[in-house]
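*Asks:* Below is the file structure.txt, with compact mmCIF, C-alpha atoms and all ligand atoms.
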```txt
# COMPACT_ATOMS: atom_id res chain seq x y z
CA MET A 1 7.88 -26.43 -136.52
CA SER A 2 9.06 -25.64 -133.05
CA THR A 3 11.60 -27.30 -130.83
CA PRO A 4 9.95 -28.12 -127.52
CA HIS A 5 11.74 -27.51 -124.30
CA VAL A 6 12.52 -30.90 -122.83
CA ALA A 7 12.01 -31.17 -119.09
CA PRO A 8 15.14 -32.64 -117.46
CA ALA A 9 14.86 -36.27 -116.40
CA GLY A 10 13.21 -36.75 -113.05
CA THR A 11 11.45 -33.40 -113.03
CA ASN A 12 8.05 -32.48 -114.25
CA LEU A 13 5.79 -29.59 -114.88
CA VAL A 14 5.47 -27.48 -111.75
CA GLY A 15 6.97 -30.03 -109.44
CA LEU A 16 5.26 -33.33 -109.90
CA ARG A 17 6.06 -33.95 -106.25
CA ASP A 18 4.02 -30.95 -105.18
CA HIS A 19 0.83 -32.63 -104.12
CA ASN A 20 -1.05 -29.39 -103.45
CA ALA A 21 -0.27 -27.91 -106.86
CA ALA A 22 -1.41 -31.20 -108.41
CA LEU A 23 -4.70 -30.91 -106.52
CA VAL A 24 -5.27 -27.44 -107.96
CA LEU A 25 -4.32 -28.54 -111.47
CA GLY A 26 -6.51 -31.63 -111.14
CA LEU A 27 -9.54 -29.43 -110.41
CA LEU A 28 -8.79 -27.11 -113.31
CA ARG A 29 -8.38 -30.10 -115.63
CA GLY A 30 -11.96 -31.12 -115.08
CA ARG A 31 -13.18 -27.56 -115.54
CA PRO A 32 -12.34 -26.08 -118.94
CA GLU A 33 -14.40 -22.97 -118.16
CA GLY A 34 -12.03 -22.19 -115.27
CA GLY A 35 -12.38 -21.58 -111.54
CA SER A 36 -11.67 -18.79 -109.09
CA ARG A 37 -9.13 -18.89 -106.26
CA VAL A 38 -11.99 -18.99 -103.75
CA GLU A 39 -13.53 -22.02 -105.46
CA LEU A 40 -10.17 -23.75 -105.73
CA ALA A 41 -9.57 -23.26 -102.00
CA ALA A 42 -13.04 -24.49 -101.10
CA GLU A 43 -12.80 -27.58 -103.28
CA THR A 44 -9.24 -28.62 -102.49
CA GLY A 45 -9.55 -27.90 -98.78
CA LEU A 46 -6.36 -25.83 -98.96
CA THR A 47 -6.15 -22.42 -97.29
CA PRO A 48 -6.76 -19.36 -99.50
CA GLN A 49 -3.14 -18.34 -98.79
CA ALA A 50 -1.79 -21.69 -100.01
CA VAL A 51 -3.96 -21.55 -103.14
CA GLY A 52 -2.83 -17.96 -103.75
CA LYS A 53 0.83 -18.99 -103.67
CA ILE A 54 0.28 -22.01 -105.92
CA VAL A 55 -1.71 -19.97 -108.45
CA THR A 56 0.96 -17.27 -108.55
CA ARG A 57 3.55 -19.93 -109.33
CA LEU A 58 1.36 -21.57 -111.98
CA LEU A 59 0.67 -18.19 -113.61
CA THR A 60 4.37 -17.33 -113.61
CA ASP A 61 5.42 -20.56 -115.31
CA GLY A 62 2.48 -20.37 -117.73
CA THR A 63 0.70 -23.58 -116.69
CA VAL A 64 -2.49 -21.65 -115.99
CA GLU A 65 -3.85 -18.40 -117.36
CA GLU A 66 -6.49 -15.88 -116.41
CA ALA A 67 -9.82 -16.36 -118.15
CA GLY A 68 -11.85 -13.25 -117.33
CA GLN A 69 -14.10 -12.55 -114.38
CA ALA A 70 -16.68 -14.79 -112.78
CA ALA A 71 -20.26 -13.50 -112.83
CA SER A 72 -20.59 -11.12 -109.90
CA THR A 73 -22.48 -12.32 -106.86
CA GLY A 74 -22.36 -8.93 -105.21
CA GLY A 75 -18.89 -9.16 -103.70
CA LYS A 76 -15.48 -8.49 -105.16
CA PRO A 77 -15.23 -9.77 -108.76
CA ARG A 78 -13.38 -13.05 -108.96
CA THR A 79 -10.75 -13.73 -111.59
CA LEU A 80 -11.20 -17.10 -113.28
CA LEU A 81 -8.17 -19.29 -113.84
CA ARG A 82 -7.89 -22.06 -116.34
CA LEU A 83 -5.37 -24.56 -117.56
CA ARG A 84 -3.22 -23.44 -120.50
CA PRO A 85 -3.17 -26.54 -122.74
CA ASP A 86 -0.13 -25.33 -124.70
CA ALA A 87 2.01 -25.26 -121.55
CA GLY A 88 3.01 -28.88 -121.86
CA CYS A 89 2.59 -32.08 -123.80
CA ALA A 90 3.26 -35.78 -123.57
CA VAL A 91 3.89 -38.55 -126.10
CA GLY A 92 1.96 -41.81 -126.00
CA VAL A 93 3.36 -44.86 -127.79
CA HIS A 94 1.55 -48.08 -128.65
CA LEU A 95 4.02 -50.77 -129.64
CA ASP A 96 2.31 -53.75 -131.19
CA ARG A 97 3.94 -56.72 -132.86
CA ASP A 98 3.74 -55.22 -136.34
CA GLU A 99 2.50 -51.68 -135.86
CA LEU A 100 3.73 -48.61 -133.98
CA THR A 101 1.41 -45.74 -133.08
CA VAL A 102 2.72 -42.45 -131.72
CA LEU A 103 0.46 -39.72 -130.38
CA LEU A 104 1.30 -36.26 -129.05
CA VAL A 105 -1.23 -34.71 -126.66
CA ASP A 106 -1.26 -31.30 -125.01
CA LEU A 107 -1.85 -30.65 -121.34
CA ALA A 108 -5.61 -30.87 -121.85
CA GLY A 109 -5.14 -34.33 -123.42
CA ARG A 110 -6.05 -33.10 -126.89
CA PRO A 111 -4.25 -34.91 -129.71
CA ARG A 112 -1.89 -32.62 -131.61
CA TYR A 113 -0.24 -35.28 -133.77
CA ARG A 114 -0.77 -38.97 -134.40
CA ARG A 115 0.79 -41.44 -136.69
CA THR A 116 0.87 -45.20 -137.21
CA VAL A 117 3.79 -46.86 -139.00
CA PRO A 118 4.64 -50.51 -139.64
CA VAL A 119 7.24 -52.06 -137.36
CA ASP A 120 8.98 -55.42 -137.70
CA THR A 121 9.65 -56.43 -134.10
CA ALA A 122 11.10 -59.73 -135.36
CA ARG A 123 14.20 -57.75 -136.32
CA GLY A 124 14.90 -57.39 -132.60
CA PRO A 125 14.87 -54.68 -130.00
CA ALA A 126 17.64 -52.41 -131.33
CA PRO A 127 15.99 -51.35 -134.63
CA THR A 128 12.59 -51.24 -132.91
CA VAL A 129 13.80 -48.84 -130.21
CA GLU A 130 15.51 -46.78 -132.89
CA LEU A 131 12.24 -46.49 -134.80
CA ILE A 132 10.26 -45.56 -131.68
CA ALA A 133 12.79 -42.85 -130.78
CA ASP A 134 12.68 -41.44 -134.33
CA GLN A 135 8.87 -41.35 -134.25
CA VAL A 136 8.80 -39.74 -130.79
CA ARG A 137 11.20 -37.04 -132.01
CA ALA A 138 9.00 -36.45 -135.07
CA ALA A 139 5.95 -36.12 -132.83
CA ALA A 140 7.77 -33.73 -130.48
CA THR A 141 8.42 -31.28 -133.32
CA GLU A 142 4.64 -30.80 -133.50
CA ALA A 143 4.44 -29.58 -129.91
CA PRO A 144 3.05 -26.06 -129.38
CA PRO A 145 5.79 -23.40 -129.22
CA GLY A 146 7.38 -23.29 -125.78
CA ALA A 147 5.53 -26.37 -124.55
CA ARG A 148 7.43 -28.56 -122.15
CA LEU A 149 7.69 -32.19 -123.20
CA LEU A 150 6.85 -34.03 -120.00
CA GLY A 151 7.76 -37.53 -121.05
CA VAL A 152 6.86 -40.61 -123.03
CA GLY A 153 4.43 -43.34 -122.03
CA ALA A 154 4.67 -46.64 -123.88
CA GLY A 155 2.09 -49.42 -123.87
CA CYS A 156 2.77 -52.93 -125.15
CA ARG A 157 1.64 -56.47 -124.56
CA GLY A 158 2.58 -57.98 -121.21
CA PRO A 159 3.73 -59.56 -119.09
CA LEU A 160 6.14 -56.81 -118.21
CA ASP A 161 7.39 -55.11 -115.09
CA HIS A 162 5.79 -51.68 -114.86
CA GLY A 163 8.18 -50.59 -112.09
CA SER A 164 11.38 -51.33 -113.99
CA GLY A 165 10.06 -51.13 -117.55
CA VAL A 166 11.50 -54.57 -118.36
CA LEU A 167 9.65 -56.90 -120.73
CA HIS A 168 9.19 -60.50 -119.67
CA TRP A 169 9.66 -63.87 -121.26
CA PHE A 170 6.74 -64.72 -123.50
CA SER A 171 6.02 -61.03 -123.61
CA THR A 172 5.05 -59.07 -126.68
CA PHE A 173 7.37 -60.70 -129.10
CA SER A 174 8.03 -64.27 -128.05
CA SER A 175 6.48 -67.24 -126.25
CA PRO A 176 7.72 -70.54 -124.79
CA HIS A 177 6.49 -72.25 -127.97
CA ASP A 178 7.56 -69.55 -130.34
CA PRO A 179 10.83 -68.22 -128.96
CA GLY A 180 10.50 -65.21 -131.23
CA THR A 181 13.48 -62.98 -131.67
CA PRO A 182 16.39 -63.30 -129.27
CA GLY A 183 16.95 -60.12 -127.36
CA TRP A 184 13.37 -59.34 -126.38
CA ASP A 185 13.40 -61.60 -123.31
CA ARG A 186 14.01 -59.35 -120.26
CA PHE A 187 14.60 -56.41 -122.55
CA PRO A 188 14.80 -53.13 -120.57
CA LEU A 189 12.50 -51.17 -122.88
CA ARG A 190 12.09 -48.19 -120.59
CA ASP A 191 15.81 -47.55 -120.07
CA ALA A 192 16.73 -48.29 -123.69
CA LEU A 193 14.18 -45.77 -124.89
CA ALA A 194 15.14 -43.13 -122.32
CA ALA A 195 18.79 -43.49 -123.38
CA ARG A 196 17.77 -42.85 -127.00
CA LEU A 197 15.74 -39.79 -125.96
CA ALA A 198 18.36 -37.86 -124.01
CA GLY A 199 17.02 -38.98 -120.66
CA LEU A 200 13.43 -37.91 -121.26
CA PRO A 201 11.22 -39.61 -118.62
CA VAL A 202 9.77 -42.85 -120.01
CA VAL A 203 7.04 -45.01 -118.44
CA VAL A 204 6.22 -48.50 -119.75
CA ASP A 205 2.99 -50.33 -119.01
CA LYS A 206 0.82 -53.07 -120.41
CA ASP A 207 -1.31 -51.95 -123.35
CA THR A 208 -4.44 -52.90 -121.42
CA ASN A 209 -3.54 -50.78 -118.37
CA ALA A 210 -2.72 -47.83 -120.58
CA ALA A 211 -6.01 -48.13 -122.48
CA ALA A 212 -7.97 -48.37 -119.21
CA LEU A 213 -6.60 -44.94 -118.28
CA THR A 214 -8.50 -43.35 -121.17
CA GLU A 215 -11.70 -43.89 -119.21
CA ALA A 216 -12.75 -40.62 -117.53
CA PRO A 217 -9.31 -39.06 -116.99
CA GLY A 218 -10.63 -35.73 -115.68
CA ALA A 219 -13.31 -37.03 -113.37
CA ALA A 220 -13.11 -38.33 -109.83
CA ALA A 221 -14.14 -41.98 -109.68
CA ALA A 222 -17.12 -42.86 -107.52
CA PRO A 223 -16.04 -44.88 -104.46
CA GLY A 224 -16.13 -48.59 -105.24
CA SER A 225 -16.52 -48.05 -108.96
CA GLY A 226 -14.78 -50.50 -111.23
CA VAL A 227 -13.98 -50.46 -114.92
CA ALA A 228 -12.64 -53.45 -116.82
CA TYR A 229 -11.10 -52.55 -120.16
CA ILE A 230 -11.03 -55.72 -122.29
CA HIS A 231 -8.56 -55.69 -125.17
CA LEU A 232 -8.78 -58.25 -127.96
CA ALA A 233 -6.16 -58.02 -130.69
CA GLY A 234 -3.31 -60.54 -131.12
CA GLY A 235 -4.06 -61.59 -127.54
CA LEU A 236 -6.73 -61.04 -124.91
CA GLY A 237 -6.15 -59.02 -121.75
CA ALA A 238 -7.80 -56.66 -119.32
CA GLY A 239 -6.90 -53.38 -117.66
CA LEU A 240 -8.61 -52.91 -114.31
CA LEU A 241 -9.48 -49.45 -113.06
CA LEU A 242 -10.66 -49.83 -109.47
CA ASP A 243 -11.71 -46.64 -107.64
CA GLY A 244 -10.19 -44.78 -110.59
CA VAL A 245 -6.74 -46.32 -110.09
CA VAL A 246 -5.14 -48.98 -112.28
CA HIS A 247 -4.92 -52.21 -110.31
CA ARG A 248 -1.55 -53.75 -111.18
CA GLY A 249 -1.05 -56.20 -108.33
CA ALA A 250 2.07 -57.22 -106.38
CA ARG A 251 4.25 -57.91 -109.44
CA THR A 252 2.41 -55.43 -111.70
CA ASN A 253 1.03 -58.42 -113.59
CA ALA A 254 -2.69 -58.21 -112.77
CA GLY A 255 -5.15 -58.34 -115.65
CA GLU A 256 -3.98 -61.55 -117.38
CA PHE A 257 -7.65 -61.99 -118.18
CA GLY A 258 -7.03 -64.13 -121.27
CA HIS A 259 -5.14 -66.75 -119.26
CA GLN A 260 -7.97 -67.78 -116.94
CA THR A 261 -8.58 -71.48 -117.46
CA LEU A 262 -11.95 -71.99 -119.07
CA LEU A 263 -11.54 -75.58 -120.22
CA VAL A 264 -9.46 -77.89 -118.04
CA ASP A 265 -7.21 -79.96 -120.37
CA GLY A 266 -8.27 -77.76 -123.28
CA PRO A 267 -5.99 -76.70 -126.14
CA LEU A 268 -2.47 -75.51 -125.45
CA CYS A 269 -2.05 -71.76 -125.00
CA ASP A 270 0.99 -69.60 -125.79
CA CYS A 271 1.52 -69.20 -122.04
CA GLY A 272 2.16 -72.95 -121.64
CA ASN A 273 -1.15 -73.74 -119.91
CA ARG A 274 -4.13 -75.51 -121.39
CA GLY A 275 -7.66 -74.32 -121.98
CA CYS A 276 -7.01 -70.61 -121.46
CA LEU A 277 -9.78 -68.23 -122.52
CA GLU A 278 -7.34 -66.62 -124.96
CA ALA A 279 -6.49 -69.94 -126.65
CA LEU A 280 -10.19 -70.80 -127.05
CA CYS A 281 -10.99 -67.34 -128.31
CA LEU A 282 -8.14 -67.27 -130.85
CA ALA A 283 -9.26 -70.69 -132.12
CA GLU A 284 -12.72 -69.22 -132.87
CA LEU A 285 -11.10 -66.25 -134.57
CA ARG A 286 -9.11 -68.58 -136.83
CA ARG A 287 -12.49 -69.99 -137.92
CA ALA A 288 -13.70 -66.37 -138.31
CA ASP A 289 -16.53 -67.17 -135.89
CA HIS A 290 -16.84 -63.83 -134.14
CA ALA A 291 -20.15 -64.65 -132.46
CA ALA A 292 -18.49 -67.61 -130.73
CA ALA A 293 -15.44 -65.50 -129.81
CA ALA A 294 -17.73 -62.78 -128.39
CA ARG A 295 -19.58 -65.39 -126.32
CA LEU A 296 -16.29 -66.62 -124.86
CA VAL A 297 -15.16 -63.08 -124.03
CA GLY A 298 -18.55 -62.59 -122.36
CA VAL A 299 -18.10 -65.73 -120.25
CA GLY A 300 -14.72 -64.40 -119.10
CA VAL A 301 -16.18 -60.97 -118.38
CA ALA A 302 -18.95 -62.54 -116.28
CA ASN A 303 -16.26 -64.34 -114.25
CA LEU A 304 -14.50 -61.02 -113.76
CA VAL A 305 -17.69 -59.27 -112.66
CA ARG A 306 -18.38 -61.99 -110.12
CA VAL A 307 -14.86 -61.73 -108.68
CA LEU A 308 -14.43 -57.95 -108.69
CA ASP A 309 -17.98 -56.57 -108.98
CA VAL A 310 -16.96 -54.06 -111.65
CA ASP A 311 -19.87 -51.95 -112.92
CA ARG A 312 -18.52 -50.97 -116.30
CA VAL A 313 -16.92 -52.96 -119.11
CA VAL A 314 -15.22 -51.24 -122.03
CA LEU A 315 -14.21 -53.25 -125.09
CA GLY A 316 -11.33 -52.34 -127.38
CA GLY A 317 -8.55 -53.67 -129.55
CA ARG A 318 -8.33 -54.34 -133.27
CA VAL A 319 -10.57 -57.42 -133.39
CA ILE A 320 -13.38 -55.82 -131.40
CA LEU A 321 -13.22 -52.54 -133.30
CA GLU A 322 -13.79 -54.39 -136.57
CA ARG A 323 -17.11 -55.78 -135.25
CA PRO A 324 -18.02 -53.61 -132.27
CA GLU A 325 -21.71 -54.51 -132.09
CA THR A 326 -21.08 -58.28 -132.30
CA TYR A 327 -18.80 -58.09 -129.28
CA ARG A 328 -20.82 -55.56 -127.29
CA ALA A 329 -24.01 -57.55 -127.71
CA GLY A 330 -22.26 -60.89 -127.16
CA VAL A 331 -20.70 -59.77 -123.89
CA ALA A 332 -23.92 -58.10 -122.67
CA GLU A 333 -25.85 -61.30 -123.37
CA GLN A 334 -23.49 -63.45 -121.32
CA LEU A 335 -23.71 -60.98 -118.43
CA ARG A 336 -27.51 -61.14 -118.55
CA GLU A 337 -27.39 -64.93 -118.54
CA ARG A 338 -24.68 -65.44 -115.96
CA ILE A 339 -25.05 -62.75 -113.29
CA PRO A 340 -27.67 -64.06 -110.86
CA ASP A 341 -29.46 -60.74 -110.39
CA ALA A 342 -28.50 -58.49 -113.27
CA ARG A 343 -31.05 -55.86 -112.19
CA TRP A 344 -29.33 -55.47 -108.84
CA GLN A 345 -25.82 -55.75 -110.31
CA PRO A 346 -26.12 -54.02 -113.69
CA VAL A 347 -22.97 -53.76 -115.81
CA ALA A 348 -22.68 -51.19 -118.58
CA VAL A 349 -20.95 -52.62 -121.65
CA SER A 350 -19.56 -50.24 -124.26
CA VAL A 351 -16.91 -50.04 -126.95
CA SER A 352 -13.94 -47.74 -126.31
CA THR A 353 -14.59 -44.24 -127.64
CA ALA A 354 -10.82 -43.79 -128.02
CA GLY A 355 -10.99 -46.47 -130.74
CA PRO A 356 -7.67 -47.46 -132.32
CA TRP A 357 -5.88 -44.73 -130.32
CA ALA A 358 -6.88 -46.05 -126.90
CA VAL A 359 -3.51 -47.56 -125.98
CA ALA A 360 -1.44 -44.59 -127.23
CA ALA A 361 -3.78 -42.06 -125.58
CA GLY A 362 -3.67 -44.00 -122.32
CA ALA A 363 0.11 -44.26 -122.55
CA ALA A 364 0.26 -40.46 -122.74
CA GLU A 365 -2.03 -40.35 -119.70
CA LEU A 366 0.58 -42.38 -117.79
CA VAL A 367 2.72 -39.23 -118.06
CA LEU A 368 -0.02 -36.58 -117.78
CA GLY A 369 -2.09 -38.13 -114.97
CA PRO A 370 0.45 -37.54 -112.16
CA VAL A 371 0.70 -33.83 -113.08
CA PHE A 372 -2.98 -33.61 -112.08
CA GLY A 373 -2.62 -35.70 -108.96
CA ARG A 374 -3.93 -38.85 -110.61
CA ARG A 375 -2.31 -42.06 -109.45
CA ALA A 376 -1.33 -43.46 -112.83
ZN ZN B 1 -2.73 -68.91 -121.52
```
What would you get if you wrote out this structure as structure tokens?

*Replies:*
Amino acid sequence: MSTPHVAPAGTNLVGLRDHNAALVLGLLRGRPEGGSRVELAAETGLTPQAVGKIVTRLLTDGTVEEAGQAASTGGKPRTLLRLRPDAGCAVGVHLDRDELTVLLVDLAGRPRYRRTVPVDTARGPAPTVELIADQVRAAATEAPPGARLLGVGAGCRGPLDHGSGVLHWFSTFSSPHDPGTPGWDRFPLRDALAARLAGLPVVVDKDTNAAALTEAPGAAAAPGSGVAYIHLAGGLGAGLLLDGVVHRGARTNAGEFGHQTLLVDGPLCDCGNRGCLEALCLAELRRADHAAAARLVGVGVANLVRVLDVDRVVLGGRVILERPETYRAGVAEQLRERIPDARWQPVAVSVSTAGPWAVAAGAAELVLGPVFGRRA
């Protein structure tokens, strides 16, 4: 066991605020075989002098390492540089109503530790935060020797304020019709957790936004590309990755996919409205009719495609992972039926390859992404 060096609050690996260093690291992230200084300059558009200085700094602090020589093309041999995954790590947390998952990833995003434990959020925020902090500390002891712990990302059910890390009324643990446990309404999860973790940087986001970040973290998104990550577990929501960036909206509350009205004057939903997609879908799940639930999710997805023209849909969450093919096929069928010209506007439907770890892995990416210049 090693004790990781904890980066002071507000700082990050090699100056998170250094945009040019992030550009260089971002390129190396997508290139495990490494790249030369000349290539890095050509691809970032930075001058060779600027790249030289950045690389010297990254070599000195151990974020990158030399990886041999590039094959000679007749000129001076070029030293390859690559990311050193052990240089840093981040913790991703998935807080669900009854289950807590904690994941430690290294700088390359590889899992080094993961654990799921039961949590009773009905006992209130204080014991829950205590448990999360204990589990984060346990995960941190598994960090590679000397690795800097960059921070903690936490994903949970919204609505919540991503900017302030404050949970909202009828958030994860209560609703207007089920007041849940006092203390969760407007609970400042981010600050409470940071206080328990000696000021370690903490980022809080909706579970759906976090999970969406697991899609192609190292690759540049094609202009105009759109991914909708649909999460069906205790509720139904969507994380939207537009041009490779999470779309959160003005109040960071975009993606309330499950609360689109599908049936005017339909059954009452937890949110207080009637006929929400989520309410209809949960009613089918209570009857254990997954084909009907999949059809409803597909109708909602078709609405989303028509509004946002996303070209990729990824399905995840406990309910979907139990019957992945039922949901994949059900959603694909509705898209075929409801998009006027599906040949012109094809939508790829798949099930999350991150599986049950999607939210925790994406939560870690909330911390890692900015190191590589990704707008998380
Ligand atoms: Zn609703």

*Asks:* List as a ChimeraX atom specification the protein and nucleic acid residues lying within 7 Å of ligand ZN 1 (chain B), with all atoms listed in the file counted.

*Replies:* /A:258-259,269-274,276,278-279

*Asks:* Could you tell me how far atom CA of A:Leu335 lies from atom CA of A:Thr252, in Å and to one decimal?

*Replies:*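 Spanning atom CA of A:Leu335 to atom CA of A:Thr252 is a straight-line distance of 27.5 Å.
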
*Asks:* For A:Ala361, find every residue with an atom within 10 Å (counting only C-alpha atoms), except residues of its own chain fewer than 6 positions away, and show them as a list in words.

*Replies:*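 These residues fall inside the cut-off: Ala90, Val91, Gly92, Val93, His94, Thr101, Val102, Leu103, Leu104, Val105, Gly109, Arg110, Pro111, Arg114, Gly153, Ala154, Gly155, Ala210, Ala211, Ala212, Leu213, Thr214, Ala354 and Gly355 of chain A.
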
*Asks:* Have a look at A:His290, A:Arg115, A:His19, A:His247 and name the one nearest to A:His162; count all atoms listed in the file.

*Replies:*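 Selected residue with least distance to A:His162: A:His247.
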
*Asks:* Select, from A:Pro370, A:Pro188, A:Gly300, A:Gly146, the residue with the minimum atom-to-atom distance to A:Ala87, counting all atoms listed in the file.

*Replies:*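 Going through A:Pro370, A:Pro188, A:Gly300, A:Gly146 one by one, the smallest distance to A:Ala87 is for A:Gly146.
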
*Asks:* Between A:Val117, A:Ala348, A:Val264, A:Val38, which one has atoms that come closest to A:Val305, using all atoms listed in the file?

*Replies:*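 Answer, going by the shortest atom-to-atom distance: A:Ala348.
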
*Asks:* List every protein, DNA or RNA residue that has at least one atom no more than 9 Å from (-17.5, -51.9, -111.9) in the file's coordinates, counting only C-alpha atoms, and write the result as a list in words.

*Replies:* Gly224, Ser225, Gly226, Val227, Ala228, Leu241, Leu242, Asp243, Val305, Leu308, Asp309, Val310, Asp311, Arg312, Val313, Val347 and Ala348 of chain A

*Asks:* For those residues, write C-alpha atoms to a file as a short mmCIF file (atom, residue, chain, number, x, y, z; two decimals), in the frame of the given file.

*Replies:*
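Saved file out_27.cif follows:
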```cif
data_model
loop_
_atom_site.label_atom_id
_atom_site.label_comp_id
_atom_site.auth_asym_id
_atom_site.auth_seq_id
_atom_site.Cartn_x
_atom_site.Cartn_y
_atom_site.Cartn_z
CA GLY A 224 -16.13 -48.59 -105.24
CA SER A 225 -16.52 -48.05 -108.96
CA GLY A 226 -14.78 -50.50 -111.23
CA VAL A 227 -13.98 -50.46 -114.92
CA ALA A 228 -12.64 -53.45 -116.82
CA LEU A 241 -9.48 -49.45 -113.06
CA LEU A 242 -10.66 -49.83 -109.47
CA ASP A 243 -11.71 -46.64 -107.64
CA VAL A 305 -17.69 -59.27 -112.66
CA LEU A 308 -14.43 -57.95 -108.69
CA ASP A 309 -17.98 -56.57 -108.98
CA VAL A 310 -16.96 -54.06 -111.65
CA ASP A 311 -19.87 -51.95 -112.92
CA ARG A 312 -18.52 -50.97 -116.30
CA VAL A 313 -16.92 -52.96 -119.11
CA VAL A 347 -22.97 -53.76 -115.81
CA ALA A 348 -22.68 -51.19 -118.58
#
```

*Asks:* Provide the atom CA of A:Pro145 to atom CA of A:Asp106 distance in Å, to one decimal place.

*Replies:*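 Atom CA of A:Asp106 lies at a distance of 11.4 Å from atom CA of A:Pro145.
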
*Asks:* Here is a test: counting all atoms listed in the file, which residue of A:Leu25, A:Val51, A:Ala194, A:Ala358 is nearest to A:Gly165?

*Replies:* A:Ala194

*Asks:* Determine, counting all atoms listed in the file, every residue of protein, DNA or RNA that lies within 12 Å of (12.5, -57.5, -120.2) in the file coordinates, then give the result as JSON, numbers by chain.

*Replies:* {"A": [125, 156, 157, 158, 159, 160, 161, 162, 163, 164, 165, 166, 167, 168, 169, 170, 171, 172, 173, 174, 182, 183, 184, 185, 186, 187, 188, 189, 190, 191, 192, 204, 205]}

*Asks:* Expressed in Å to a single decimal, how great is the separation between atom CA of A:Ala238 and atom CA of A:Glu256?

*Replies:* 6.5 Å

*Asks:* Given the choices A:Leu236, A:Gln260, A:Arg251, A:Arg97, which gets closest to A:Ala293 if the distance is worked out from only C-alpha atoms?

*Replies:*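 Closest to A:Ala293, using only C-alpha atoms: A:Leu236.
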